[in-house]
Amino acid sequence: MISTGICIIGAGPAGAAAALQLAVMGIPSVIVDKAVFPRDKVCGDGLSGKVLTLLTRIDKGIGERLRESLLKLDSWGITFTAPNRIGMHIMYKPRYQKLPHEPHGLVCKRIDFDNFLVEELKRRPEIQLLEGRGIERYELQPDGYLLTDRTGQFAIKARLVIVANGAHSGFTKEVAGIRMEPAHYAAGVRAYYRNVQGVHPDNFLELHFLKNMLPGYLWLFPLPNGEVNVGVGMLSKVARRKKADLKKLMMDTLEGDPVMRERFRYAERMGDIKGYGLPFGSKDRTLSGERYMLTGDAASLINPFTGEGIGNALHSGCLAARQAAQALAANDCSAAALAGYDASIRRVLRPELLLSAKLQKMVNYPWFINLVIKQGARNQQLQELLSGMFHEETLRKKLQQPSFYFKLLMGWGGKNG
Ligand SMILES: Cc1cc2nc3c(=O)[nH]c(=O)nc-3n(C[C@H](O)[C@H](O)[C@H](O)COP(=O)(O)OP(=O)(O)OC[C@H]3O[C@@H](n4cnc5c(N)ncnc54)[C@H](O)[C@@H]3O)c2cc1C
């Protein structure tokens with residue numbers, strides 16, 4: 001049996017960030033994953049600016065190595081397309097020169113990005129990585145958790161557990177008592193295509209708010225090898241009500257929609273369409289308890305408006321690592337001692353998640369998206385504001401002010417703002 005102070009279950013972005021953050025603080029950990037890397041993960045593969053910032057914050061070298069990696073593509077903006085097909089291009093920075101340190105997003109297949117993180121884990125002597133081991137049983141004992149695989153043959157004893165095993169986490173359900181709620185959960189499907197026409201020359205991500213998918217959307221994210229990640233996401237509550245088959249919806253759209261039909265005329269799908277769940281952070285939940293903290297998708301921290309979860313997975317992993325360091329130093333891993341983790345999540349991540357939940361409700365209405373995109377397409381000032389929202393925290397707060405919507409409805413004070 002392996003004995004450790006901290007065991008991290010899952011070596012995806014949340015678990016990897018926790019282990020790396022602990023390692024830079026000089027704290028050893030054991031991280032265990034049921035998969036052997038490189039492994040695939042169903043995802044849009046879009047990495048917001050947050051990802052690079054957070055990895056750099058853990059260790060400058062990690063940020064530099066990702067920046068230099070040939071496995072990712074730099075993306076300089078996002079194109080939003082309204083139900084009435086008017087499009088709006090939003091740059092991460094209003095005027096950009098494509099310099100490495102300007103704010104921008106990345107796109108990287110998860111098989112590559114997660115393996116990049118695993119390589120970083122292997123660089124650190126403080127981290128013991130165990131692959132191909134699934135933790136399926138969790139027994140709370142007076143001095144820690146006894147974690148075992150299905151057979152009970154493989155066992156780890158840990159004083160503290162950081163749970164980072166994703167959207168289908170058994171620990172989240174069985175120990176923390178958090179269940180899937182269709183109003184706070186989405187279903188997503190994605191496939192890789194090559195030879196898609198009309199991709200933006202600066203690799204803009206594309207979000208198409210088509211009428212039959214609201215409040216979800218169709219995405220097209222360009223990849224480094226010339227392929228495109230194509231997917232559809234929809235709130236589970238709505239998908240159930242509509243009895244939507246997302247794979248069929250995606251194929252019908254690519255084949256039947258006049259714009260998509262042209263763009264996919266010579267396209268070829270590489271492999272199957274795959275689906276997975278997105279647990280949204282639109283509800284405040286308690287994420288820590290006696291000797292454990294939940295992180296990433298296991299803590300339901302995906303942005304309910306954008307579907308972005310990697311940044312919050314990294315961030316929550318780092319916050320859990322800092323809380324774990326304090327708990328071990330004080331020799332107190334009680335629920336009360338770990339409640340500071342929940343306080344950090346509420347302070348750092350929750351405000352944006354709750355704001356995004358409000359935005360998600362608004363995109364139920366095609367007229368609202370048509371209006372925002374119509375105004376944005378012809379108004380430089382509004383474009384700059386929206387662009388700033390992707391990398392400036394203070395600007396995102398403007399969205400909470402009623403005056404923002406008033407200005408929007410009034411045409412943003414005329415053509416020049
Ligand atoms: C269709 C779709 C599209 C998405 N698009 C985007 C996007 O473009 N950008 C973005 O930022 N986010 C996106 N997301 C969300 C993003 O994929 C997740 O938020 C992110 O992967 C969460 O990271 P994580 O480390 O919490 O979990 P995961 O990445 O799921 O990692 C969990 C790890 O735990 C391991 N594990 C599972 N069970 C066990 C066990 N019992 N024992 C040991 N190990 C175990 C798994 O093998 C895995 O390696 C998308 C999600 C979906 C489904």
# chains A, B, ... in the order shown; residues from 1 in each chain; ligands from 1
call {"tool": "residues_near_ligand", "arguments": {"ligand": "ligand 1", "cutoff": "7 Å", "atoms": "only C-alpha atoms and all ligand atoms", "output": "mmCIF file with C-alpha atoms, in the first residue's frame"}}
result
data_model
loop_
_atom_site.group_PDB
_atom_site.id
_atom_site.type_symbol
_atom_site.label_atom_id
_atom_site.label_comp_id
_atom_site.auth_asym_id
_atom_site.auth_seq_id
_atom_site.Cartn_x
_atom_site.Cartn_y
_atom_site.Cartn_z
ATOM 1 C CA ILE A 9 -7.456 11.415 -8.144
ATOM 2 C CA GLY A 10 -7.297 12.289 -11.870
ATOM 3 C CA ALA A 11 -4.438 13.767 -13.900
ATOM 4 C CA GLY A 12 -6.465 15.999 -16.246
ATOM 5 C CA PRO A 13 -6.046 19.799 -16.043
ATOM 6 C CA ALA A 14 -7.456 20.125 -12.490
ATOM 7 C CA GLY A 15 -5.367 17.307 -11.002
ATOM 8 C CA VAL A 32 -3.354 8.592 -9.921
ATOM 9 C CA ASP A 33 -5.287 8.289 -13.208
ATOM 10 C CA LYS A 34 -7.270 5.382 -14.611
ATOM 11 C CA ALA A 35 -5.983 6.214 -18.109
ATOM 12 C CA LYS A 41 -10.828 13.653 -23.842
ATOM 13 C CA VAL A 42 -13.990 14.851 -25.580
ATOM 14 C CA CYS A 43 -13.663 18.631 -25.681
ATOM 15 C CA GLY A 44 -13.776 21.662 -27.974
ATOM 16 C CA ASP A 45 -9.994 21.927 -27.442
ATOM 17 C CA GLY A 46 -10.223 25.725 -26.971
ATOM 18 C CA LEU A 47 -7.834 27.148 -24.352
ATOM 19 C CA SER A 48 -8.750 30.675 -23.267
ATOM 20 C CA ARG A 133 -5.138 2.852 -11.999
ATOM 21 C CA GLY A 134 -8.788 3.723 -11.357
ATOM 22 C CA ILE A 135 -9.849 4.660 -7.827
ATOM 23 C CA GLU A 136 -13.337 3.287 -7.276
ATOM 24 C CA ALA A 164 -10.058 15.764 -9.941
ATOM 25 C CA ASN A 165 -11.598 12.883 -11.832
ATOM 26 C CA GLY A 166 -13.918 14.830 -14.079
ATOM 27 C CA ALA A 167 -17.593 15.067 -14.923
ATOM 28 C CA HIS A 168 -18.426 11.457 -14.039
ATOM 29 C CA SER A 169 -16.693 11.453 -10.661
ATOM 30 C CA GLY A 170 -17.987 8.698 -8.381
ATOM 31 C CA ALA A 187 -24.481 17.535 -23.167
ATOM 32 C CA GLY A 188 -21.812 18.042 -25.817
ATOM 33 C CA VAL A 189 -20.653 16.162 -28.919
ATOM 34 C CA ARG A 190 -17.625 16.742 -31.103
ATOM 35 C CA GLY A 231 -19.240 20.292 -32.006
ATOM 36 C CA GLY A 233 -23.479 21.719 -26.912
ATOM 37 C CA GLY A 275 -20.148 12.898 -26.584
ATOM 38 C CA TYR A 276 -19.528 13.792 -22.934
ATOM 39 C CA GLY A 277 -21.116 15.826 -20.143
ATOM 40 C CA LEU A 278 -20.411 19.412 -19.057
ATOM 41 C CA THR A 295 -11.851 20.450 -8.261
ATOM 42 C CA GLY A 296 -12.510 21.031 -11.981
ATOM 43 C CA ASP A 297 -15.428 19.125 -13.535
ATOM 44 C CA ALA A 298 -15.698 16.968 -10.405
ATOM 45 C CA ILE A 302 -17.619 24.880 -16.232
ATOM 46 C CA GLY A 307 -18.672 25.970 -22.015
ATOM 47 C CA GLU A 308 -15.101 26.745 -20.987
ATOM 48 C CA GLY A 309 -13.886 24.475 -18.193
ATOM 49 C CA ILE A 310 -10.135 24.031 -18.564
ATOM 50 C CA GLY A 311 -9.227 27.433 -17.094
ATOM 51 C CA ALA A 313 -10.119 23.323 -13.658
#
call {"tool": "select_by_dssp", "arguments": {"residues": "range 321-365 of chain A", "states": "alpha helix (DSSP H)", "output": "MDAnalysis selection string"}}
result
chainID A and resid 321:329 335:348 350:362
call {"tool": "write_last_selection", "arguments": {"atoms": "C-alpha atoms", "output": "PDB file, in the first residue's frame"}}
result
ATOM      1  CA  ALA A 321      -3.260  22.843  -3.523  1.00  0.00           C
ATOM      2  CA  ARG A 322      -2.777  26.031  -1.483  1.00  0.00           C
ATOM      3  CA  GLN A 323      -5.518  25.000   0.952  1.00  0.00           C
ATOM      4  CA  ALA A 324      -3.986  21.505   1.215  1.00  0.00           C
ATOM      5  CA  ALA A 325      -0.598  23.011   2.073  1.00  0.00           C
ATOM      6  CA  GLN A 326      -2.151  24.991   4.943  1.00  0.00           C
ATOM      7  CA  ALA A 327      -4.151  22.002   6.202  1.00  0.00           C
ATOM      8  CA  LEU A 328      -1.139  19.687   6.291  1.00  0.00           C
ATOM      9  CA  ALA A 329       1.028  22.324   7.934  1.00  0.00           C
ATOM     10  CA  ALA A 335     -14.127  19.880   7.014  1.00  0.00           C
ATOM     11  CA  ALA A 336     -13.856  23.131   8.990  1.00  0.00           C
ATOM     12  CA  ALA A 337     -10.182  23.543   8.092  1.00  0.00           C
ATOM     13  CA  LEU A 338     -10.850  22.911   4.393  1.00  0.00           C
ATOM     14  CA  ALA A 339     -13.838  25.261   4.206  1.00  0.00           C
ATOM     15  CA  GLY A 340     -11.342  27.981   3.243  1.00  0.00           C
ATOM     16  CA  TYR A 341     -11.211  26.303  -0.179  1.00  0.00           C
ATOM     17  CA  ASP A 342     -14.941  26.926  -0.664  1.00  0.00           C
ATOM     18  CA  ALA A 343     -14.440  30.521   0.417  1.00  0.00           C
ATOM     19  CA  SER A 344     -11.700  30.925  -2.236  1.00  0.00           C
ATOM     20  CA  ILE A 345     -13.902  29.427  -4.965  1.00  0.00           C
ATOM     21  CA  ARG A 346     -16.744  31.763  -3.987  1.00  0.00           C
ATOM     22  CA  ARG A 347     -14.472  34.769  -4.063  1.00  0.00           C
ATOM     23  CA  VAL A 348     -12.394  33.955  -7.160  1.00  0.00           C
ATOM     24  CA  ARG A 350     -18.203  32.104  -8.461  1.00  0.00           C
ATOM     25  CA  PRO A 351     -18.991  35.737  -9.445  1.00  0.00           C
ATOM     26  CA  GLU A 352     -18.052  35.105 -13.075  1.00  0.00           C
ATOM     27  CA  LEU A 353     -19.873  31.764 -13.119  1.00  0.00           C
ATOM     28  CA  LEU A 354     -23.078  33.334 -11.817  1.00  0.00           C
ATOM     29  CA  LEU A 355     -22.828  36.215 -14.277  1.00  0.00           C
ATOM     30  CA  SER A 356     -22.334  33.704 -17.094  1.00  0.00           C
ATOM     31  CA  ALA A 357     -25.423  31.835 -15.895  1.00  0.00           C
ATOM     32  CA  LYS A 358     -27.420  35.045 -16.431  1.00  0.00           C
ATOM     33  CA  LEU A 359     -25.982  35.442 -19.929  1.00  0.00           C
ATOM     34  CA  GLN A 360     -26.803  31.827 -20.690  1.00  0.00           C
ATOM     35  CA  LYS A 361     -30.461  32.525 -19.868  1.00  0.00           C
ATOM     36  CA  MET A 362     -30.450  35.503 -22.247  1.00  0.00           C
TER      37      MET A 362
END
call {"tool": "atom_distance", "arguments": {"atom1": "CA of Tyr138 in chain A", "atom2": "CA of Thr172 in chain A"}}
result
11.1 Å
call {"tool": "residues_around", "arguments": {"residues": "Met250 in chain A", "least_positions_apart": "2", "cutoff": "12 Å", "atoms": "only C-alpha atoms", "output": "PyMOL selection string"}}
result
chain A and resi 188-191+208+210+212-213+216-220+230-234+244-248+252-257+260-261+273-275
call {"tool": "write_last_selection", "arguments": {"atoms": "C-alpha atoms", "output": "PDB file, in the first residue's frame"}}
result
ATOM      1  CA  GLY A 188     -21.812  18.042 -25.817  1.00  0.00           C
ATOM      2  CA  VAL A 189     -20.653  16.162 -28.919  1.00  0.00           C
ATOM      3  CA  ARG A 190     -17.625  16.742 -31.103  1.00  0.00           C
ATOM      4  CA  ALA A 191     -15.812  15.370 -34.140  1.00  0.00           C
ATOM      5  CA  HIS A 208     -22.850  29.781 -34.274  1.00  0.00           C
ATOM      6  CA  LEU A 210     -28.390  28.753 -34.622  1.00  0.00           C
ATOM      7  CA  ASN A 212     -32.581  25.161 -33.438  1.00  0.00           C
ATOM      8  CA  MET A 213     -29.751  24.891 -30.871  1.00  0.00           C
ATOM      9  CA  GLY A 216     -26.580  26.016 -27.030  1.00  0.00           C
ATOM     10  CA  TYR A 217     -24.478  26.521 -30.124  1.00  0.00           C
ATOM     11  CA  LEU A 218     -22.474  24.909 -32.898  1.00  0.00           C
ATOM     12  CA  TRP A 219     -18.723  25.532 -32.693  1.00  0.00           C
ATOM     13  CA  LEU A 220     -15.915  25.315 -35.218  1.00  0.00           C
ATOM     14  CA  VAL A 230     -16.665  20.744 -34.747  1.00  0.00           C
ATOM     15  CA  GLY A 231     -19.240  20.292 -32.006  1.00  0.00           C
ATOM     16  CA  VAL A 232     -22.622  21.044 -30.545  1.00  0.00           C
ATOM     17  CA  GLY A 233     -23.479  21.719 -26.912  1.00  0.00           C
ATOM     18  CA  MET A 234     -26.917  22.065 -25.337  1.00  0.00           C
ATOM     19  CA  ALA A 244     -32.670  16.241 -29.074  1.00  0.00           C
ATOM     20  CA  ASP A 245     -30.198  13.766 -30.528  1.00  0.00           C
ATOM     21  CA  LEU A 246     -27.101  15.974 -30.643  1.00  0.00           C
ATOM     22  CA  LYS A 247     -25.130  13.798 -33.068  1.00  0.00           C
ATOM     23  CA  LYS A 248     -28.037  13.881 -35.512  1.00  0.00           C
ATOM     24  CA  ASP A 252     -28.300  17.545 -40.094  1.00  0.00           C
ATOM     25  CA  THR A 253     -26.911  21.071 -39.620  1.00  0.00           C
ATOM     26  CA  LEU A 254     -23.641  20.390 -41.462  1.00  0.00           C
ATOM     27  CA  GLU A 255     -25.515  18.742 -44.335  1.00  0.00           C
ATOM     28  CA  GLY A 256     -28.705  20.805 -44.429  1.00  0.00           C
ATOM     29  CA  ASP A 257     -27.803  24.362 -43.423  1.00  0.00           C
ATOM     30  CA  MET A 260     -22.483  24.910 -43.505  1.00  0.00           C
ATOM     31  CA  ARG A 261     -23.277  22.701 -46.496  1.00  0.00           C
ATOM     32  CA  ILE A 273     -18.669  11.842 -33.230  1.00  0.00           C
ATOM     33  CA  LYS A 274     -18.113  11.527 -29.477  1.00  0.00           C
ATOM     34  CA  GLY A 275     -20.148  12.898 -26.584  1.00  0.00           C
TER      35      GLY A 275
END
call {"tool": "residues_around", "arguments": {"residues": "range 139-141 of chain A", "least_positions_apart": "2", "cutoff": "12 Å", "atoms": "only C-alpha atoms", "output": "ChimeraX atom specification"}}
result
/A:135-137,143-149,152,155-161,171,174-175,289-292,334
call {"tool": "closest_residue", "arguments": {"among": "A:Val238, A:Val24, A:Ala183, A:Ala82", "to": "Lys60 in chain A", "atoms": "only C-alpha atoms"}}
result
A:Val24
